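*Asks:* Data file model.tsv (TSV, C-alpha atoms) is appended below.
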```tsv
chain	number	residue	atom	x	y	z
A	835	MET	CA	93.80	84.31	199.36
A	836	THR	CA	94.72	87.56	197.61
A	837	PHE	CA	98.24	88.96	197.73
A	838	ARG	CA	98.93	92.55	196.72
A	839	ILE	CA	102.61	92.70	195.85
A	840	ALA	CA	104.56	95.83	194.98
A	841	ARG	CA	106.36	95.30	191.68
A	842	PHE	CA	109.34	97.26	190.43
A	843	THR	CA	111.34	97.10	187.22
A	844	PRO	CA	114.40	99.38	187.12
A	845	ARG	CA	114.99	101.60	184.14
A	846	PRO	CA	118.02	100.65	182.02
A	847	GLN	CA	120.98	102.79	183.01
A	848	SER	CA	122.05	105.45	180.57
A	849	GLU	CA	125.63	105.74	179.38
A	850	ARG	CA	125.81	109.43	180.24
A	851	PRO	CA	126.33	110.36	183.91
A	852	ALA	CA	123.20	110.92	185.92
A	853	ARG	CA	122.33	114.39	187.12
A	854	THR	CA	122.70	115.09	190.81
A	855	ASN	CA	119.88	116.70	192.74
A	856	PRO	CA	121.16	118.86	195.64
A	857	PHE	CA	117.70	118.77	197.20
A	858	ALA	CA	117.38	114.97	197.16
A	859	LYS	CA	116.90	113.38	200.54
A	860	SER	CA	119.59	110.75	201.00
A	861	ASN	CA	122.16	109.66	203.52
A	862	PRO	CA	125.32	111.74	202.90
A	863	PHE	CA	127.36	109.43	205.15
A	864	ALA	CA	126.72	106.32	203.07
A	865	THR	CA	129.11	105.92	200.15
A	866	THR	CA	127.06	103.33	198.28
A	867	GLY	CA	123.50	103.23	197.09
A	868	SER	CA	120.69	105.74	196.95
A	869	ARG	CA	117.23	105.62	198.44
A	870	ARG	CA	115.39	106.16	195.13
A	871	THR	CA	115.83	104.27	191.88
A	872	ARG	CA	114.11	105.18	188.65
A	873	GLY	CA	111.89	102.58	187.09
A	874	ARG	CA	108.36	101.31	186.64
A	875	ARG	CA	106.38	100.73	189.83
A	876	TRP	CA	102.99	99.11	190.15
A	877	THR	CA	100.97	96.87	192.45
A	878	GLN	CA	99.88	93.47	191.21
A	879	GLU	CA	97.32	91.16	192.78
A	880	TYR	CA	97.56	87.37	192.86
A	881	THR	CA	94.80	85.08	194.09
A	882	ILE	CA	95.72	81.52	195.06
A	883	ARG	CA	94.38	78.75	197.28
A	884	ILE	CA	96.63	78.22	200.31
A	885	ALA	CA	96.15	77.25	203.94
A	886	PRO	CA	96.44	80.04	206.54
A	887	GLN	CA	99.03	78.05	208.48
A	888	ARG	CA	101.51	78.34	205.61
A	889	THR	CA	104.12	81.07	205.57
A	890	VAL	CA	104.14	84.04	203.25
A	891	LEU	CA	107.29	82.62	201.65
A	892	ASP	CA	105.35	79.47	200.74
A	893	ALA	CA	102.71	81.66	199.11
A	894	LEU	CA	105.26	83.59	197.06
A	895	LEU	CA	106.93	80.37	195.95
A	896	GLN	CA	103.56	79.00	194.87
A	897	ILE	CA	102.82	82.21	192.95
A	898	LYS	CA	106.21	82.05	191.23
A	899	ARG	CA	105.74	78.38	190.27
A	900	GLU	CA	102.10	78.43	189.21
A	901	VAL	CA	101.10	81.99	188.32
A	902	ASP	CA	103.91	84.45	187.55
A	903	PRO	CA	107.53	83.29	187.13
A	904	THR	CA	108.68	86.91	186.75
A	905	LEU	CA	108.04	87.69	190.42
A	906	ASN	CA	111.35	88.43	192.19
A	907	PHE	CA	112.08	88.08	195.90
A	908	ARG	CA	115.03	87.01	198.01
A	909	TYR	CA	115.30	84.10	200.43
A	910	SER	CA	117.91	81.57	201.48
A	911	CYS	CA	117.48	79.26	204.49
A	912	GLY	CA	113.70	79.55	204.85
A	913	HIS	CA	113.88	79.14	208.64
A	914	GLY	CA	114.50	82.66	209.96
A	915	MET	CA	118.25	82.22	210.38
A	916	CYS	CA	119.77	84.14	207.44
A	917	GLY	CA	117.58	87.27	207.46
A	918	SER	CA	117.72	87.70	203.69
A	919	ASP	CA	113.93	87.78	203.12
A	920	ALA	CA	113.02	90.92	205.06
A	921	VAL	CA	109.98	92.70	203.59
A	922	LEU	CA	107.07	94.88	204.65
A	923	ILE	CA	103.94	92.78	205.25
A	924	ASN	CA	100.74	94.73	205.82
A	925	GLY	CA	102.79	97.74	206.87
A	926	ARG	CA	104.99	95.85	209.36
A	927	PRO	CA	108.61	94.72	208.81
A	928	ASP	CA	108.80	90.93	208.95
A	929	LEU	CA	110.54	87.90	207.47
A	930	LEU	CA	108.80	85.99	204.70
A	931	CYS	CA	109.79	82.61	206.12
A	932	THR	CA	108.55	83.22	209.68
A	933	ALA	CA	105.36	85.22	209.03
A	934	THR	CA	102.34	82.97	208.62
A	935	ILE	CA	99.35	84.10	206.60
A	936	ALA	CA	97.05	83.77	209.60
A	937	ASP	CA	99.26	85.99	211.77
A	938	CYS	CA	99.51	88.63	209.04
A	939	LEU	CA	95.75	88.79	208.59
A	940	ALA	CA	95.11	88.87	212.34
A	941	ALA	CA	97.62	91.69	212.79
A	942	SER	CA	96.19	93.70	209.91
A	943	LYS	CA	92.74	93.56	211.48
A	944	THR	CA	93.83	94.72	214.93
A	945	MET	CA	96.78	97.04	214.39
A	946	PRO	CA	95.22	99.82	212.22
A	947	ASN	CA	92.44	100.62	214.72
A	948	ALA	CA	93.99	99.41	217.96
A	949	TYR	CA	94.41	102.84	219.49
A	950	THR	CA	91.40	104.68	218.10
A	951	SER	CA	89.07	106.25	220.62
A	952	PRO	CA	85.31	105.66	220.42
A	953	GLY	CA	83.29	108.37	218.80
A	954	VAL	CA	80.43	109.11	216.41
A	955	VAL	CA	80.89	108.91	212.63
A	956	ASN	CA	77.97	109.90	210.38
A	957	GLY	CA	75.61	109.63	213.33
A	958	THR	CA	76.66	106.06	214.14
A	959	PRO	CA	78.44	105.37	217.44
A	960	GLN	CA	81.78	103.60	216.96
A	961	VAL	CA	82.89	100.75	219.18
A	962	GLN	CA	86.29	100.83	220.91
A	963	GLN	CA	88.65	98.40	219.16
A	964	SER	CA	90.38	95.67	221.12
A	965	PRO	CA	94.12	96.02	221.87
A	966	ALA	CA	96.57	95.05	219.16
A	967	PHE	CA	98.33	92.53	221.38
A	968	ARG	CA	95.81	90.04	222.82
A	969	ARG	CA	96.68	87.29	225.27
A	970	THR	CA	96.59	83.82	223.77
A	971	GLY	CA	94.25	81.18	225.08
A	972	THR	CA	91.46	83.58	226.05
A	973	ALA	CA	87.96	83.35	224.66
A	974	THR	CA	87.13	85.77	221.89
A	975	PRO	CA	83.92	87.77	222.33
A	976	LYS	CA	81.23	86.76	219.89
A	977	THR	CA	80.11	90.34	219.32
A	978	ALA	CA	81.52	91.39	215.97
A	979	ILE	CA	83.36	94.70	215.80
A	980	PRO	CA	82.54	96.79	212.72
A	981	PRO	CA	85.51	97.14	210.36
A	982	SER	CA	87.21	100.46	209.82
A	983	ALA	CA	85.97	102.56	206.95
A	984	SER	CA	89.53	103.32	205.90
A	985	HIS	CA	90.44	99.64	205.70
A	986	PRO	CA	87.89	97.82	203.54
A	987	ASP	CA	89.71	94.50	203.89
A	988	SER	CA	89.48	94.55	207.67
A	989	VAL	CA	87.09	92.25	209.49
A	990	SER	CA	86.19	91.82	213.10
A	991	ASP	CA	88.76	90.77	215.68
A	992	SER	CA	86.66	87.75	216.58
A	993	THR	CA	86.85	86.56	212.99
A	994	ALA	CA	90.65	86.97	212.98
A	995	SER	CA	91.02	84.45	215.77
A	996	ASP	CA	89.43	81.75	213.60
A	997	PHE	CA	92.77	81.26	211.82
A	998	SER	CA	94.19	79.48	214.86
A	999	ALA	CA	91.91	76.51	214.23
A	1000	THR	CA	93.43	73.21	213.28
A	1001	ASP	CA	91.00	72.90	210.38
A	1002	PRO	CA	90.80	76.32	208.69
A	1003	VAL	CA	88.51	75.28	205.86
A	1004	GLY	CA	85.72	74.12	208.14
A	1005	THR	CA	85.78	70.40	207.42
A	1006	ALA	CA	85.75	69.38	211.09
A	1007	GLY	CA	82.65	69.27	213.17
A	1008	PRO	CA	81.57	72.01	215.59
A	1009	ALA	CA	82.42	69.96	218.67
A	1010	GLU	CA	85.86	69.00	217.42
A	1011	LEU	CA	86.64	72.57	216.39
A	1012	SER	CA	85.55	74.01	219.71
A	1013	GLU	CA	87.61	71.51	221.70
A	1014	ALA	CA	90.71	72.15	219.57
A	1015	THR	CA	90.73	75.94	219.82
A	1016	GLY	CA	88.27	77.04	222.47
A	1017	LEU	CA	87.51	80.09	220.32
A	1018	ILE	CA	85.15	78.96	217.56
A	1019	ASP	CA	81.59	77.75	217.93
A	1020	ALA	CA	79.03	76.49	215.44
A	1021	ALA	CA	78.01	80.01	214.47
A	1022	HIS	CA	81.52	80.79	213.27
A	1023	LEU	CA	81.90	77.72	211.05
A	1024	THR	CA	80.27	79.45	208.11
A	1025	LYS	CA	82.85	82.26	208.27
A	1026	THR	CA	86.01	80.18	208.24
A	1027	SER	CA	85.41	78.83	204.75
A	1028	ASN	CA	85.48	82.25	203.05
A	1029	ILE	CA	87.89	84.18	205.29
A	1030	ALA	CA	90.82	83.59	202.99
A	1031	GLU	CA	88.81	84.73	199.98
A	1032	SER	CA	87.72	88.00	201.57
A	1033	SER	CA	91.10	89.03	202.98
A	1034	ALA	CA	94.33	90.21	201.42
A	1035	VAL	CA	98.00	90.40	202.34
A	1036	GLU	CA	99.98	93.38	201.09
A	1037	ILE	CA	103.74	92.89	200.59
A	1038	ARG	CA	106.20	95.66	199.84
A	1039	PRO	CA	109.99	96.05	199.93
A	1040	ILE	CA	111.56	96.89	203.27
A	1041	PRO	CA	111.74	100.70	203.60
A	1042	GLY	CA	115.05	102.51	203.89
A	1043	PHE	CA	116.78	100.37	201.25
A	1044	THR	CA	117.25	100.92	197.54
A	1045	PRO	CA	114.91	98.63	195.58
A	1046	LEU	CA	116.59	96.53	192.90
A	1047	ARG	CA	113.66	94.56	191.50
A	1048	ASP	CA	110.24	93.81	193.00
A	1049	LEU	CA	110.84	92.81	196.66
A	1050	ILE	CA	114.65	92.63	196.36
A	1051	VAL	CA	116.54	95.55	197.92
A	1052	ASP	CA	120.18	96.58	198.08
A	1053	THR	CA	121.64	95.86	201.53
A	1054	ASP	CA	125.20	96.98	200.73
A	1055	ALA	CA	124.77	100.29	202.56
A	1056	MET	CA	123.70	98.50	205.76
A	1057	PHE	CA	126.66	96.11	205.73
A	1058	GLU	CA	128.97	98.98	204.90
A	1059	GLN	CA	127.89	100.78	208.06
A	1060	ILE	CA	128.32	97.56	210.07
A	1061	ARG	CA	131.89	97.13	208.79
A	1062	ARG	CA	132.56	100.76	209.62
A	1063	PHE	CA	132.50	99.98	213.36
A	1064	LYS	CA	134.88	97.00	213.05
A	1065	PRO	CA	132.63	94.06	214.02
A	1066	TYR	CA	135.44	91.82	215.21
A	1067	LEU	CA	137.40	91.34	218.42
A	1068	LEU	CA	140.28	93.75	219.05
A	1069	HIS	CA	142.39	92.38	221.88
A	1070	VAL	CA	145.75	93.62	223.15
A	1071	ASP	CA	147.83	91.14	225.14
A	1072	SER	CA	148.98	93.19	228.13
A	1073	SER	CA	151.13	90.40	229.56
A	1074	ALA	CA	153.67	90.59	226.73
A	1075	ASP	CA	155.57	93.60	225.48
A	1076	SER	CA	155.49	94.79	221.90
A	1077	ASN	CA	158.59	92.85	220.83
A	1078	GLN	CA	157.29	89.56	222.20
A	1079	ALA	CA	153.91	90.17	220.63
A	1080	ALA	CA	155.50	90.87	217.27
A	1081	GLN	CA	157.62	87.73	217.50
A	1082	ALA	CA	154.62	85.64	218.51
A	1083	LYS	CA	152.64	87.00	215.57
A	1084	ALA	CA	155.50	86.28	213.17
A	1085	ALA	CA	155.95	82.75	214.51
A	1086	ASP	CA	152.18	82.19	214.46
A	1087	THR	CA	152.18	80.93	218.05
A	1088	LYS	CA	149.44	80.96	220.64
A	1089	PRO	CA	148.95	84.09	222.80
A	1090	SER	CA	150.48	84.13	226.25
A	1091	SER	CA	147.07	84.36	227.95
A	1092	GLU	CA	143.62	82.89	227.40
A	1093	TYR	CA	140.47	84.86	226.64
A	1094	ARG	CA	138.90	84.09	229.99
A	1095	GLN	CA	135.39	85.29	230.72
A	1096	THR	CA	132.85	84.79	233.47
A	1097	PRO	CA	129.22	83.80	232.76
A	1098	GLU	CA	128.13	87.29	233.83
A	1099	GLU	CA	130.46	88.90	231.30
A	1100	LEU	CA	129.21	86.54	228.60
A	1101	ALA	CA	125.58	87.44	229.34
A	1102	ARG	CA	126.27	91.12	228.57
A	1103	TYR	CA	126.68	90.50	224.86
A	1104	GLU	CA	125.55	86.92	224.20
A	1105	LEU	CA	122.10	87.89	222.93
A	1106	LEU	CA	123.58	90.64	220.75
A	1107	SER	CA	125.77	88.07	219.02
A	1108	THR	CA	122.64	86.35	217.66
A	1109	CYS	CA	121.82	89.32	215.40
A	1110	ILE	CA	121.37	88.09	211.82
A	1111	ALA	CA	121.54	91.57	210.21
A	1112	CYS	CA	118.16	91.12	208.54
A	1113	GLY	CA	117.46	94.85	208.44
A	1114	LEU	CA	114.01	94.71	210.05
A	1115	CYS	CA	115.09	97.19	212.72
A	1116	GLN	CA	116.36	99.49	209.98
A	1117	GLY	CA	113.04	99.37	208.15
A	1118	ALA	CA	111.09	100.03	211.35
A	1119	CYS	CA	113.29	102.99	212.34
A	1120	PRO	CA	111.63	106.21	211.11
A	1121	ILE	CA	115.00	107.97	211.15
A	1122	TYR	CA	116.83	105.50	208.93
A	1123	ALA	CA	113.85	104.60	206.73
A	1124	GLY	CA	113.05	108.30	206.36
A	1125	GLY	CA	116.38	108.93	204.64
A	1126	GLU	CA	118.09	110.85	207.43
A	1127	ALA	CA	121.84	110.62	208.03
A	1128	PHE	CA	121.92	107.66	210.41
A	1129	ALA	CA	124.14	104.57	210.47
A	1130	GLY	CA	121.13	102.55	211.57
A	1131	PRO	CA	120.19	100.27	214.48
A	1132	ALA	CA	121.85	97.22	212.90
A	1133	ALA	CA	125.25	98.94	212.88
A	1134	MET	CA	124.72	100.15	216.46
A	1135	ILE	CA	123.92	96.60	217.63
A	1136	ALA	CA	127.05	95.30	215.90
A	1137	ALA	CA	129.09	97.94	217.73
A	1138	ALA	CA	127.37	97.25	221.07
A	1139	ARG	CA	128.17	93.57	220.80
A	1140	PHE	CA	131.92	94.30	221.08
A	1141	ILE	CA	131.56	97.30	223.37
A	1142	ASN	CA	129.99	94.98	225.94
A	1143	ASP	CA	132.57	92.24	225.38
A	1144	SER	CA	135.06	92.18	228.25
A	1145	ARG	CA	137.72	90.61	226.02
A	1146	ASP	CA	137.82	93.64	223.73
A	1147	SER	CA	140.39	96.25	224.77
A	1148	HIS	CA	139.18	99.09	222.48
A	1149	ARG	CA	135.98	100.03	224.26
A	1150	GLN	CA	136.80	103.75	224.41
A	1151	GLU	CA	137.74	103.88	220.73
A	1152	ARG	CA	134.50	102.14	219.80
A	1153	LEU	CA	132.45	104.59	221.87
A	1154	GLU	CA	134.16	107.49	220.16
A	1155	ALA	CA	133.45	105.93	216.76
A	1156	ILE	CA	129.69	105.72	217.36
A	1157	ASP	CA	129.53	109.14	219.04
A	1158	GLN	CA	129.05	110.91	215.71
A	1159	VAL	CA	126.36	113.01	214.10
A	1160	ASP	CA	125.19	110.06	212.02
A	1161	GLY	CA	125.88	107.59	214.83
A	1162	ILE	CA	124.22	107.30	218.22
A	1163	GLN	CA	123.54	111.05	218.23
A	1164	ALA	CA	120.97	110.58	215.46
A	1165	CYS	CA	118.91	108.12	217.51
A	1166	GLN	CA	115.66	109.68	218.76
A	1167	SER	CA	114.83	106.84	221.20
A	1168	ILE	CA	111.57	106.03	219.44
A	1169	ARG	CA	112.22	102.31	220.04
A	1170	ALA	CA	110.26	101.18	217.00
A	1171	CYS	CA	113.30	99.06	216.12
A	1172	THR	CA	112.56	96.66	218.99
A	1173	ARG	CA	109.24	95.27	217.79
A	1174	PRO	CA	110.20	93.40	214.58
A	1175	CYS	CA	113.47	91.83	215.79
A	1176	PRO	CA	113.22	88.08	215.04
A	1177	ARG	CA	115.94	87.21	217.58
A	1178	GLY	CA	114.25	88.88	220.55
A	1179	ILE	CA	116.83	91.66	220.97
A	1180	ASP	CA	115.55	94.77	222.70
A	1181	VAL	CA	117.20	97.05	220.16
A	1182	GLY	CA	115.76	100.24	221.64
A	1183	GLU	CA	117.06	99.42	225.12
A	1184	GLU	CA	120.52	98.62	223.76
A	1185	MET	CA	120.55	101.93	221.91
A	1186	TRP	CA	119.70	103.75	225.13
A	1187	LYS	CA	122.51	101.93	226.93
A	1188	LEU	CA	124.90	103.16	224.24
A	1189	VAL	CA	123.70	106.71	224.82
A	1190	GLU	CA	124.42	106.40	228.54
A	1191	ALA	CA	127.83	104.81	227.88
A	1192	VAL	CA	128.80	107.65	225.55
A	1193	LYS	CA	127.74	110.25	228.12
A	1194	GLU	CA	129.88	108.59	230.79
```
Re-express the file's structure as C-alpha cells.
*Replies:*
Amino acid sequence: MTFRIARFTPRPQSERPARTNPFAKSNPFATTGSRRTRGRRWTQEYTIRIAPQRTVLDALLQIKREVDPTLNFRYSCGHGMCGSDAVLINGRPDLLCTATIADCLAASKTMPNAYTSPGVVNGTPQVQQSPAFRRTGTATPKTAIPPSASHPDSVSDSTASDFSATDPVGTAGPAELSEATGLIDAAHLTKTSNIAESSAVEIRPIPGFTPLRDLIVDTDAMFEQIRRFKPYLLHVDSSADSNQAAQAKAADTKPSSEYRQTPEELARYELLSTCIACGLCQGACPIYAGGEAFAGPAAMIAAARFINDSRDSHRQERLEAIDQVDGIQACQSIRACTRPCPRGIDVGEEMWKLVEAVKE
C-alpha cells in the first residue's frame, strides 16, 4: 500500500517582526493564528505492507516505527472519541483512527466521478459511473467501469468492493470467499492480491487550520471561537432575589430549585452535547476553510447546544452573540459540514435552525 503524505517543516522564526500583508486572506475576527505559515512543503510517498481492514492511524504508526521516525501527526485515544487526529484523506475530512484503508480506497474510486454525465472522450463512449453512496449487501456488477483519466490511481467500482472480504490477500478459496461476502467470485480472486499495491491513499492536513508540522495543525483559533460563545450553562435562579442568591453563593449552599428537565427538552440538545470539537466540519466548510471571516460550524454547534437547553436563561443573549457578520450571518447553507461529522450530528440542519431562531 502506498501512502502519499503532505510534509511540512516550518521556517525558523526571525527575530525581527514579520511584515504584514494587507492583501492576505485571513480571518480578521480571529486573534490567534494565521492560515499560512512559511516553510518547506513537499509530498512524500511511503510503501508498506498492511491489511485493508486496518485504520489509517495504524498505517501511520507503522510508517513512523519502521520507515520514517520524522513523520509527525497527532492522535490521542485512537477510538474516535477525542477528535485530535482530524486530517484530509483522499480529499475528504476524516479521523485517522476511524477511517479504514479499505473505506478510503473505495471512496476515492467512487467519489471523483460519481456525478459525471456520460459522454464521448477521444471518440470513446464513457460509461456512467455508479453513485458515490452504494447500499451495502447488494451484489456488485461484474462489468468493470473504466477509470477516470484524471485519476490514474482509480480502479473500477466492482474492484473497490473486494476490500470487504474477510481474506483480503486471497488465501481463502473461491467458495469460502463468495459465501463470506456475496460480492467476489473466482474471477476476482486474482485482483485482490495486488489491489493494495496498485492503489494509494493521500493524506493532507485538515484545511482551514494553520499547519505546524506535517499533519499537525494549530486548533487554538477554533477553540478560541468556541469559548467566545460561552460554552457553559448560564442559569438565573428566579425563585430567590438577588440578596438571597448572593448569600447562597457566599455560603456555597445548594440552589433553591433543581434543574428539572423533561425528556423532550433533553432531546433538543442531547446529540449536540456529543460534539468532540474535532474540526472536521470546519475543514469541510468552504467558507471557513477558504479563509473567510467566519467563526465556524464547531463554534455554532457549541452555541446551539446551550441555546436549545431549557435550563439556560440567556437564550436571547446567546442569539445576539451569534447574530454577527462573522457568526451565523456568514453561513451560506452549503451543508458540507454535515457529511464528515463522526458523531452523526446534522450540522447543516442545526445551522439552519439557528438562522430561523435569529430571525424570530
*Asks:* Can you tell me, as number ranges by chain, what residues are no more than 6 Å from segment 1118-1132 of chain A when counting only C-alpha atoms, ignoring any on the same chain fewer than 5 positions away?
*Replies:* A: 860-861, 1041-1042, 1059, 1160-1161, 1164, 1170-1171
*Asks:* Given the selection you just returned, output its residues as a file containing C-alpha atoms, formatted as a tab-separated table (two decimals), in the frame of the given file.
*Replies:*
```tsv
chain	number	residue	atom	x	y	z
A	860	SER	CA	119.59	110.75	201.00
A	861	ASN	CA	122.16	109.66	203.52
A	1041	PRO	CA	111.74	100.70	203.60
A	1042	GLY	CA	115.05	102.51	203.89
A	1059	GLN	CA	127.89	100.78	208.06
A	1160	ASP	CA	125.19	110.06	212.02
A	1161	GLY	CA	125.88	107.59	214.83
A	1164	ALA	CA	120.97	110.58	215.46
A	1170	ALA	CA	110.26	101.18	217.00
A	1171	CYS	CA	113.30	99.06	216.12
```
*Asks:* Take atom CA of Cys1112 of chain A and atom CA of Val1051 of chain A and report the distance between them in Å, one decimal.
*Replies:*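 It comes out at 11.6 Å.
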*Asks:* Might you pull out every residue within 12 Å of Gln1163 of chain A, with only C-alpha atoms counted and same-chain residues fewer than 4 positions away left off, and present them as a list in words?
*Replies:* Ile1121, Ala1127, Phe1128, Ala1129, Gly1130, Pro1131, Met1134, Leu1153, Glu1154, Ala1155, Ile1156, Asp1157, Gln1158, Val1159, Ser1167, Met1185, Trp1186, Leu1188, Val1189, Glu1190, Val1192 and Lys1193 of chain A
*Asks:* Considering all atoms listed in the file, state which residue in the set A:Ile1037, A:Ala1191, A:Ala1133, A:Cys1165 is at the smallest distance from Pro927 of chain A.
*Replies:*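 The answer is A:Ile1037, which sits nearest to Pro927 of chain A.
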*Asks:* Quick one: distance from atom CA of Pro1176 of chain A to atom CA of Leu1100 of chain A in Å, one decimal?
*Replies:* 21.0 Å
*Asks:* Which residues come within 10 Å of Arg1177 of chain A, counting all atoms listed in the file, excluding same-chain residues fewer than 4 positions away, as an NGL selection string?
*Replies:* :A and (914-915 or 1105-1110)
*Asks:* Hey, which of A:Asp1048, A:Ala933, A:Leu891, A:Gly917 ends up closest to Gln878 of chain A? Count all atoms listed in the file.
*Replies:* A:Asp1048
*Asks:* For a cut-off of 12 Å around (111.6, 106.6, 189.2), file coordinates, pick out all residues using only C-alpha atoms and list them as a PyMOL selection string.
*Replies:* chain A and resi 842-847+868-876+1044-1046
*Asks:* Which polymer residues have any atom within 10 Å of an atom of Arg1152 of chain A, counting only C-alpha atoms, with same-chain residues fewer than 3 positions away left out, as a ChimeraX atom specification?
*Replies:* /A:1063-1064,1137-1138,1140-1141,1146-1149,1155-1157,1192
*Asks:* Which residues come within 7 Å of Thr836 of chain A, counting all atoms listed in the file, excluding same-chain residues fewer than 5 positions away, as a list in words?
*Replies:*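 Counting only the stated atoms, we get Glu879, Tyr880, Thr881, Ile882, Glu1031, Ser1033, Ala1034 and Val1035 of chain A.
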*Asks:* Select all residues near (106.2, 94.0, 205.4) (cut-off 7 Å, inclusive, file coordinates), counting all atoms listed in the file, and output them as a VMD selection string.
*Replies:* chain A and resid 921 to 928 1037 to 1040
*Asks:* May I ask for the distance between atom CA of Leu1067 of chain A and atom CA of Arg1145 of chain A, given in Å to one decimal place?
*Replies:* 7.6 Å
